[in-house]
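Student: If it helps, the file is called data_29.tsv and holds TSV, C-alpha atoms and all ligand atoms:
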```tsv
chain	number	residue	atom	x	y	z
A	293	MET	CA	226.49	-43.91	255.77
A	294	ARG	CA	229.88	-42.59	256.64
A	295	LEU	CA	230.53	-41.17	260.09
A	296	ARG	CA	234.30	-41.34	260.29
A	297	ARG	CA	235.81	-40.25	263.53
A	298	ASP	CA	239.32	-39.73	262.20
A	299	ASP	CA	238.34	-36.78	260.02
A	300	PRO	CA	238.87	-33.58	261.99
A	301	ILE	CA	235.82	-31.32	261.97
A	302	GLU	CA	236.66	-27.70	261.25
A	303	LEU	CA	236.35	-25.56	264.39
A	304	LYS	CA	235.68	-21.86	263.90
A	305	SER	CA	236.75	-19.02	266.15
A	306	PRO	CA	234.09	-16.50	267.21
A	307	ALA	CA	235.52	-14.07	264.63
A	308	GLN	CA	235.20	-16.71	261.90
A	309	LEU	CA	231.64	-17.50	262.98
A	310	ALA	CA	230.88	-13.80	262.69
A	311	ILE	CA	231.88	-13.93	259.02
A	312	MET	CA	229.76	-17.07	258.57
A	313	ARG	CA	226.90	-15.11	260.12
A	314	ALA	CA	227.39	-12.44	257.46
A	315	ALA	CA	227.28	-15.14	254.77
A	316	GLY	CA	224.18	-16.60	256.42
A	317	LEU	CA	222.40	-13.24	256.39
A	318	VAL	CA	223.19	-12.71	252.70
A	319	THR	CA	221.80	-16.19	252.00
A	320	ALA	CA	218.68	-15.44	254.05
A	321	ALA	CA	218.07	-12.13	252.27
A	322	ALA	CA	218.47	-13.75	248.84
A	323	LEU	CA	216.06	-16.54	249.76
A	324	ARG	CA	213.55	-14.03	251.10
A	325	ALA	CA	213.71	-12.02	247.88
A	326	VAL	CA	213.24	-15.15	245.77
A	327	ALA	CA	210.37	-16.44	247.90
A	328	ALA	CA	208.64	-13.05	247.68
A	329	ALA	CA	208.81	-13.20	243.87
A	330	VAL	CA	207.32	-16.69	243.61
A	331	ALA	CA	204.01	-16.58	241.75
A	332	PRO	CA	202.27	-18.45	238.96
A	333	GLY	CA	203.81	-17.44	235.61
A	334	ILE	CA	207.36	-16.73	236.77
A	335	SER	CA	210.15	-18.97	235.50
A	336	THR	CA	212.73	-20.53	237.78
A	337	ALA	CA	215.42	-18.79	235.69
A	338	GLU	CA	213.91	-15.42	236.66
A	339	LEU	CA	214.04	-16.47	240.32
A	340	ASP	CA	217.67	-17.45	239.87
A	341	ALA	CA	218.49	-13.99	238.49
A	342	ILE	CA	216.93	-12.38	241.57
A	343	ALA	CA	219.07	-14.51	243.89
A	344	GLU	CA	222.29	-13.77	242.03
A	345	ARG	CA	221.55	-10.04	241.97
A	346	GLU	CA	220.89	-9.99	245.74
A	347	ILE	CA	224.03	-11.93	246.59
A	348	ARG	CA	226.34	-9.91	244.36
A	349	ALA	CA	224.78	-6.60	245.51
A	350	ALA	CA	225.79	-7.58	249.05
A	351	GLY	CA	229.38	-8.07	247.89
A	352	ALA	CA	229.14	-11.85	248.29
A	353	VAL	CA	229.56	-14.73	245.85
A	354	PRO	CA	227.00	-17.43	244.99
A	355	SER	CA	228.31	-20.78	246.32
A	356	PHE	CA	226.47	-23.00	243.90
A	357	LYS	CA	227.41	-21.34	240.61
A	358	GLY	CA	230.17	-23.41	239.08
A	359	TYR	CA	230.13	-25.94	241.94
A	360	PHE	CA	231.02	-29.16	240.07
A	361	GLY	CA	229.69	-27.32	237.03
A	362	PHE	CA	226.29	-26.38	238.48
A	363	PRO	CA	225.10	-23.53	236.21
A	364	ALA	CA	223.02	-21.39	238.59
A	365	THR	CA	222.87	-19.50	241.89
A	366	ILE	CA	219.95	-21.42	243.37
A	367	CYS	CA	218.52	-24.90	243.04
A	368	THR	CA	214.82	-24.85	242.17
A	369	SER	CA	213.04	-28.16	242.69
A	370	VAL	CA	209.38	-28.33	241.71
A	371	ASN	CA	206.81	-30.89	242.93
A	372	GLU	CA	208.32	-34.39	242.54
A	373	GLN	CA	211.81	-32.86	242.32
A	374	ILE	CA	213.44	-33.16	245.74
A	375	VAL	CA	216.71	-31.21	245.45
A	376	HIS	CA	219.29	-29.90	242.95
A	377	GLY	CA	216.82	-28.79	240.27
A	378	ILE	CA	218.37	-26.44	237.69
A	379	PRO	CA	216.60	-23.11	237.10
A	380	SER	CA	215.32	-22.78	233.55
A	381	ARG	CA	213.46	-20.32	231.33
A	382	GLU	CA	211.26	-23.20	230.23
A	383	GLN	CA	210.19	-24.05	233.76
A	384	VAL	CA	207.31	-21.68	234.48
A	385	LEU	CA	205.61	-22.06	237.86
A	386	ARG	CA	201.93	-22.96	237.93
A	387	ASP	CA	199.26	-22.26	240.49
A	388	GLY	CA	199.32	-25.20	242.88
A	389	ASP	CA	203.00	-26.14	242.48
A	390	VAL	CA	205.33	-26.71	245.41
A	391	LEU	CA	208.81	-25.16	245.00
A	392	SER	CA	211.92	-25.89	247.02
A	393	ILE	CA	214.60	-23.20	246.79
A	394	ASP	CA	218.16	-23.88	247.94
A	395	CYS	CA	220.71	-21.06	248.12
A	396	GLY	CA	224.27	-20.52	249.27
A	397	ALA	CA	226.53	-17.48	249.55
A	398	ILE	CA	230.22	-16.95	250.32
A	399	VAL	CA	231.58	-13.98	252.28
A	400	ASP	CA	235.38	-13.73	252.58
A	401	GLY	CA	235.71	-17.46	251.94
A	402	TRP	CA	233.05	-18.53	254.49
A	403	HIS	CA	229.82	-20.23	253.45
A	404	GLY	CA	226.11	-20.02	254.27
A	405	ASP	CA	223.62	-22.63	253.00
A	406	SER	CA	219.86	-22.60	253.44
A	407	ALA	CA	216.71	-23.87	251.76
A	408	LEU	CA	212.97	-23.58	252.07
A	409	THR	CA	209.83	-24.84	250.39
A	410	VAL	CA	207.03	-22.53	249.30
A	411	ARG	CA	203.61	-23.07	247.81
A	412	VAL	CA	202.82	-21.48	244.46
A	413	GLY	CA	199.26	-20.31	244.97
A	414	THR	CA	196.73	-22.04	247.19
A	415	THR	CA	193.57	-21.13	245.34
A	416	ALA	CA	190.72	-23.54	244.71
A	417	GLU	CA	191.73	-23.64	241.03
A	418	ALA	CA	195.18	-24.77	242.11
A	419	SER	CA	193.76	-28.11	243.20
A	420	ALA	CA	193.06	-28.95	239.57
A	421	ASN	CA	196.79	-28.76	238.79
A	422	ARG	CA	197.94	-31.30	241.31
A	423	PRO	CA	197.35	-34.75	242.73
A	424	TYR	CA	197.20	-33.71	246.38
A	425	SER	CA	194.79	-31.90	248.66
A	426	GLU	CA	195.55	-28.58	250.28
A	427	ALA	CA	195.86	-30.28	253.67
A	428	GLU	CA	198.33	-32.87	252.41
A	429	LEU	CA	200.67	-30.29	250.92
A	430	ALA	CA	200.40	-27.91	253.88
A	431	GLY	CA	201.13	-30.84	256.17
A	432	LEU	CA	204.18	-31.93	254.15
A	433	VAL	CA	205.76	-28.48	254.13
A	434	HIS	CA	205.00	-27.92	257.79
A	435	ALA	CA	206.38	-31.32	258.84
A	436	CYS	CA	209.65	-30.75	257.00
A	437	GLU	CA	210.23	-27.33	258.56
A	438	LEU	CA	209.29	-28.68	261.99
A	439	ALA	CA	211.73	-31.59	261.62
A	440	LEU	CA	214.49	-29.11	260.74
A	441	TRP	CA	213.89	-27.05	263.90
A	442	HIS	CA	213.89	-30.16	266.07
A	443	GLY	CA	217.32	-30.96	264.65
A	444	LEU	CA	218.66	-27.41	264.98
A	445	ALA	CA	217.66	-27.36	268.66
A	446	LEU	CA	220.13	-30.16	269.40
A	447	ALA	CA	223.18	-28.44	267.88
A	448	VAL	CA	224.60	-27.90	271.37
A	449	PRO	CA	227.96	-28.76	272.93
A	450	GLY	CA	228.10	-32.22	274.47
A	451	ARG	CA	225.44	-33.73	272.22
A	452	ARG	CA	226.40	-36.41	269.70
A	453	LEU	CA	225.93	-35.81	265.99
A	454	THR	CA	223.23	-38.45	265.53
A	455	ASP	CA	221.16	-36.92	268.32
A	456	ILE	CA	220.33	-34.36	265.62
A	457	SER	CA	219.61	-37.08	263.04
A	458	HIS	CA	217.35	-38.90	265.46
A	459	ALA	CA	215.46	-35.74	266.43
A	460	VAL	CA	214.82	-34.91	262.76
A	461	GLU	CA	213.51	-38.42	262.08
A	462	GLN	CA	211.36	-38.54	265.20
A	463	ALA	CA	209.78	-35.18	264.44
A	464	ALA	CA	209.07	-36.19	260.84
A	465	ARG	CA	207.50	-39.48	261.92
A	466	ALA	CA	205.41	-37.82	264.61
A	467	ALA	CA	204.05	-35.34	262.04
A	468	GLY	CA	202.66	-37.95	259.66
A	469	ARG	CA	203.61	-40.86	257.46
A	470	TYR	CA	206.18	-39.19	255.27
A	471	GLY	CA	209.03	-40.68	253.31
A	472	ILE	CA	212.36	-39.47	254.73
A	473	ILE	CA	215.09	-39.15	252.08
A	474	ARG	CA	218.15	-41.12	253.14
A	475	GLU	CA	220.51	-40.78	250.15
A	476	TYR	CA	221.09	-37.05	250.67
A	477	THR	CA	222.14	-35.57	253.99
A	478	GLY	CA	223.15	-32.41	255.75
A	479	HIS	CA	226.83	-31.63	256.23
A	480	GLY	CA	229.51	-29.70	258.00
A	481	ILE	CA	230.11	-26.25	256.52
A	482	GLY	CA	232.64	-23.44	256.84
A	483	THR	CA	235.53	-22.77	254.47
A	484	ALA	CA	233.74	-25.08	252.02
A	485	MET	CA	230.05	-25.69	251.45
A	486	HIS	CA	230.22	-29.45	251.97
A	487	MET	CA	232.54	-30.66	254.72
A	488	ASP	CA	232.62	-33.44	257.26
A	489	PRO	CA	230.61	-34.61	259.03
A	490	PRO	CA	227.61	-35.77	256.99
A	491	VAL	CA	224.39	-35.14	258.94
A	492	PRO	CA	221.81	-37.85	258.14
A	493	ASN	CA	218.12	-37.18	258.68
A	494	PHE	CA	217.51	-40.50	260.39
A	495	GLY	CA	219.16	-42.92	262.76
A	496	ARG	CA	219.80	-43.90	266.34
A	497	PRO	CA	220.89	-41.20	268.77
A	498	GLY	CA	224.15	-41.10	270.70
A	499	ARG	CA	226.56	-41.81	267.85
A	500	GLY	CA	229.08	-39.88	265.81
A	501	PRO	CA	231.29	-37.02	266.96
A	502	VAL	CA	230.60	-35.09	270.15
A	503	LEU	CA	229.47	-31.59	269.20
A	504	MET	CA	231.81	-28.81	270.26
A	505	PRO	CA	231.66	-25.02	270.26
A	506	GLY	CA	232.90	-23.71	266.91
A	507	MET	CA	231.39	-26.45	264.78
A	508	ALA	CA	228.94	-25.42	262.07
A	509	LEU	CA	226.44	-27.76	260.44
A	510	ALA	CA	223.93	-27.51	257.61
A	511	ILE	CA	220.89	-29.54	258.66
A	512	GLU	CA	218.49	-30.26	255.78
A	513	PRO	CA	215.60	-32.73	256.00
A	514	MET	CA	213.89	-33.77	252.77
A	515	LEU	CA	210.42	-35.33	253.14
A	516	VAL	CA	208.11	-36.78	250.50
A	517	LEU	CA	204.46	-37.79	250.34
A	518	GLY	CA	205.30	-41.29	249.13
A	519	SER	CA	208.30	-43.58	248.88
A	520	PRO	CA	211.72	-42.04	249.63
A	521	GLN	CA	213.36	-43.81	246.67
A	522	THR	CA	215.21	-41.28	244.51
A	523	ALA	CA	216.52	-41.03	240.95
A	524	VAL	CA	218.65	-38.43	239.14
A	525	LEU	CA	217.38	-36.98	235.86
A	526	ALA	CA	219.41	-36.97	232.63
A	527	ASP	CA	220.71	-33.46	233.45
A	528	ASP	CA	222.85	-35.23	236.08
A	529	TRP	CA	221.61	-32.90	238.81
A	530	THR	CA	217.88	-32.97	239.45
A	531	VAL	CA	216.93	-35.49	242.14
A	532	VAL	CA	213.34	-36.74	241.87
A	533	THR	CA	211.15	-39.28	243.62
A	534	VAL	CA	210.88	-42.55	241.72
A	535	ASP	CA	207.13	-42.79	242.42
A	536	GLY	CA	206.44	-39.18	241.43
A	537	SER	CA	205.33	-38.17	244.91
A	538	TRP	CA	205.93	-34.54	245.88
A	539	ALA	CA	208.70	-33.31	248.13
A	540	ALA	CA	209.71	-30.61	250.61
A	541	HIS	CA	213.18	-29.47	251.69
A	542	PHE	CA	214.21	-27.10	254.48
A	543	GLU	CA	217.75	-26.22	255.51
A	544	HIS	CA	219.60	-23.92	257.87
A	545	THR	CA	223.26	-23.45	258.72
A	546	VAL	CA	223.71	-23.57	262.50
A	547	ALA	CA	226.70	-22.83	264.74
A	548	VAL	CA	227.31	-24.84	267.90
A	549	THR	CA	228.19	-22.33	270.63
A	550	GLU	CA	228.55	-22.24	274.43
A	551	ASP	CA	225.30	-20.28	274.44
A	552	GLY	CA	223.43	-22.88	272.39
A	553	PRO	CA	222.59	-23.15	268.70
A	554	VAL	CA	222.87	-19.98	266.61
A	555	VAL	CA	221.04	-20.30	263.31
A	556	LEU	CA	223.36	-18.38	261.02
A	557	THR	CA	220.95	-18.36	258.05
A	558	ALA	CA	217.91	-17.16	260.06
A	559	GLU	CA	217.65	-13.38	260.26
A	560	ASP	CA	216.84	-13.54	264.00
A	561	GLY	CA	219.45	-16.23	264.70
A	562	GLY	CA	216.68	-18.76	265.24
A	563	ALA	CA	214.90	-17.00	268.12
A	564	ALA	CA	211.41	-17.27	266.64
A	565	GLY	CA	211.87	-20.84	265.44
A	566	PHE	CA	213.09	-22.07	268.81
A	567	ALA	CA	210.41	-20.12	270.68
A	568	ALA	CA	207.75	-21.78	268.51
A	569	LEU	CA	209.29	-25.17	269.21
A	570	ARG	CA	209.24	-24.55	272.97
A	571	SER	CA	205.66	-23.32	272.97
A	572	GLY	CA	204.47	-26.27	270.91
A	573	HIS	CA	202.85	-23.96	268.35
A	574	THR	CA	204.55	-25.80	265.54
A	575	ALA	CA	202.45	-28.93	265.90
A	576	ALA	CA	200.46	-29.71	262.76
A	577	PRO	CA	196.72	-29.23	263.16
A	578	PRO	CA	195.28	-32.69	263.96
A	579	GLU	CA	192.87	-32.55	261.02
A	580	GLN	CA	195.79	-32.16	258.59
A	581	VAL	CA	197.65	-35.11	260.06
A	582	GLY	CA	194.46	-37.16	259.91
A	583	ALA	CA	193.94	-36.25	256.25
A	584	ILE	CA	197.47	-37.27	255.38
A	585	ARG	CA	197.23	-40.58	257.19
A	586	MET	CA	193.95	-41.33	255.48
A	587	ALA	CA	195.43	-40.57	252.07
A	588	VAL	CA	198.36	-42.87	252.79
A	589	ALA	CA	196.04	-45.63	253.95
A	590	GLU	CA	194.12	-45.27	250.68
A	591	GLY	CA	197.27	-45.74	248.67
A	592	ALA	CA	198.12	-42.14	247.78
A	593	GLY	CA	201.57	-42.70	249.24
A	594	ASP	CA	203.73	-45.71	249.75
A	595	GLY	CA	205.13	-44.52	253.07
A	596	ILE	CA	208.53	-45.79	253.98
B	1	MG	MG	221.59	-26.12	250.52
B	2	MG	MG	223.37	-28.08	252.21
```
Give the structure from this file in structure tokens form.
Ligand code: MG
Ligand code: MG

Tutor:
Amino acid sequence: MRLRRDDPIELKSPAQLAIMRAAGLVTAAALRAVAAAVAPGISTAELDAIAEREIRAAGAVPSFKGYFGFPATICTSVNEQIVHGIPSREQVLRDGDVLSIDCGAIVDGWHGDSALTVRVGTTAEASANRPYSEAELAGLVHACELALWHGLALAVPGRRLTDISHAVEQAARAAGRYGIIREYTGHGIGTAMHMDPPVPNFGRPGRGPVLMPGMALAIEPMLVLGSPQTAVLADDWTVVTVDGSWAAHFEHTVAVTEDGPVVLTAEDGGAAGFAALRSGHTAAPPEQVGAIRMAVAEGAGDGI
């Protein structure tokens, strides 16, 4: 892990953050359109076309397309794929799949980056297509989103960077026995998609740079139902679990401001997410957590 203190972290003016907000809203709208189109029978290439159309219609530019040669507008990672999956005509979604969608857009040179995980059908027939129960998959997706919001809530001036990392890890561990991916992290963001500092999803609190107004971070926990060991497929992009266990990935771009965290890639700026966190309504139903723990104890997952 690299948490260098000599690298300056880009500080944005309120006017620059306003442009990042515009990029965040384009990203959010594209993700919403893609998520709404997710259904059994659609290919991930078709989803990619929807995202590109949305972003370009808004006068923005897809961040991912051409990034180190990445060929598409979104990353689509299915089931045991964790992140960086390449959309394809051959990859047709099936009832019961879990799909992580990652998307980024640029407005006037400023970036937004966000990801979410959706279920492809939750019918009884879907169970036949997959190795996990409904409760296990619902719990995984819920835990990952919850861990993200716990991290976002600490993007406030005066906090240290790893306070966020610690909060993400603690929330994930409290939600169940999930594998927390360590080899891929969140990141600073602004005039480039990936900037300093890296934002790990684990670790002790109270380390790393002190957060200051004008910083922007992409926080992005990745959780799996088994071991967090990863491998990259022969396409040189797609990151998968070594044990084949299924994964979830959630991400938001957040600005550190005097008034607290502003979630640039959430349409309401994060109001609903933070309100849910405060009210405790985001806690996983106890029966789901119990089911997950039982499955782990029986060897369905290797834990961490
Ligand atoms: Mg992303
Ligand atoms: Mg990112």

Student: Around ligand MG 1 (chain B), at most 12 Å away and counting only C-alpha atoms and all ligand atoms, which residues are there? Put them as a VMD selection string, please.

Tutor: chain A and resid 316 319 to 320 323 354 to 356 365 to 369 374 to 377 392 to 397 403 to 409 476 to 481 485 to 486 509 to 514 541 to 545 557

Student: Any idea what's packed within 12 Å of Gln383 of chain A, counting all atoms listed in the file, ignoring anything in its chain fewer than 4 positions away? Could you give it as an MDAnalysis selection string?

Tutor: chainID A and resid 332:340 368:371 377:379 389 391

Student: Which is closest to ligand MG 2 (chain B) among A:Asp560, A:Asp527, A:Asp488, A:Asp551, if we use all atoms listed in the file?

Tutor: A:Asp488

Student: Hey, can you check how far atom CA of Val326 of chain A sits from atom CA of Val412 of chain A?

Tutor: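 These atoms are spaced 12.3 Å apart.
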
Student: Here is a test: counting only C-alpha atoms and all ligand atoms, which residue of A:Val353, A:Val516, A:Pro492, A:Ala564 is nearest to ligand MG 2 (chain B)?

Tutor: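 Between A:Val353, A:Val516, A:Pro492, A:Ala564, the residue approaching ligand MG 2 (chain B) most closely is A:Pro492.
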
Student: Calculate how many Å separate atom CA of Leu517 of chain A from atom CA of Phe494 of chain A, rounding to one decimal.

Tutor: 16.7 Å
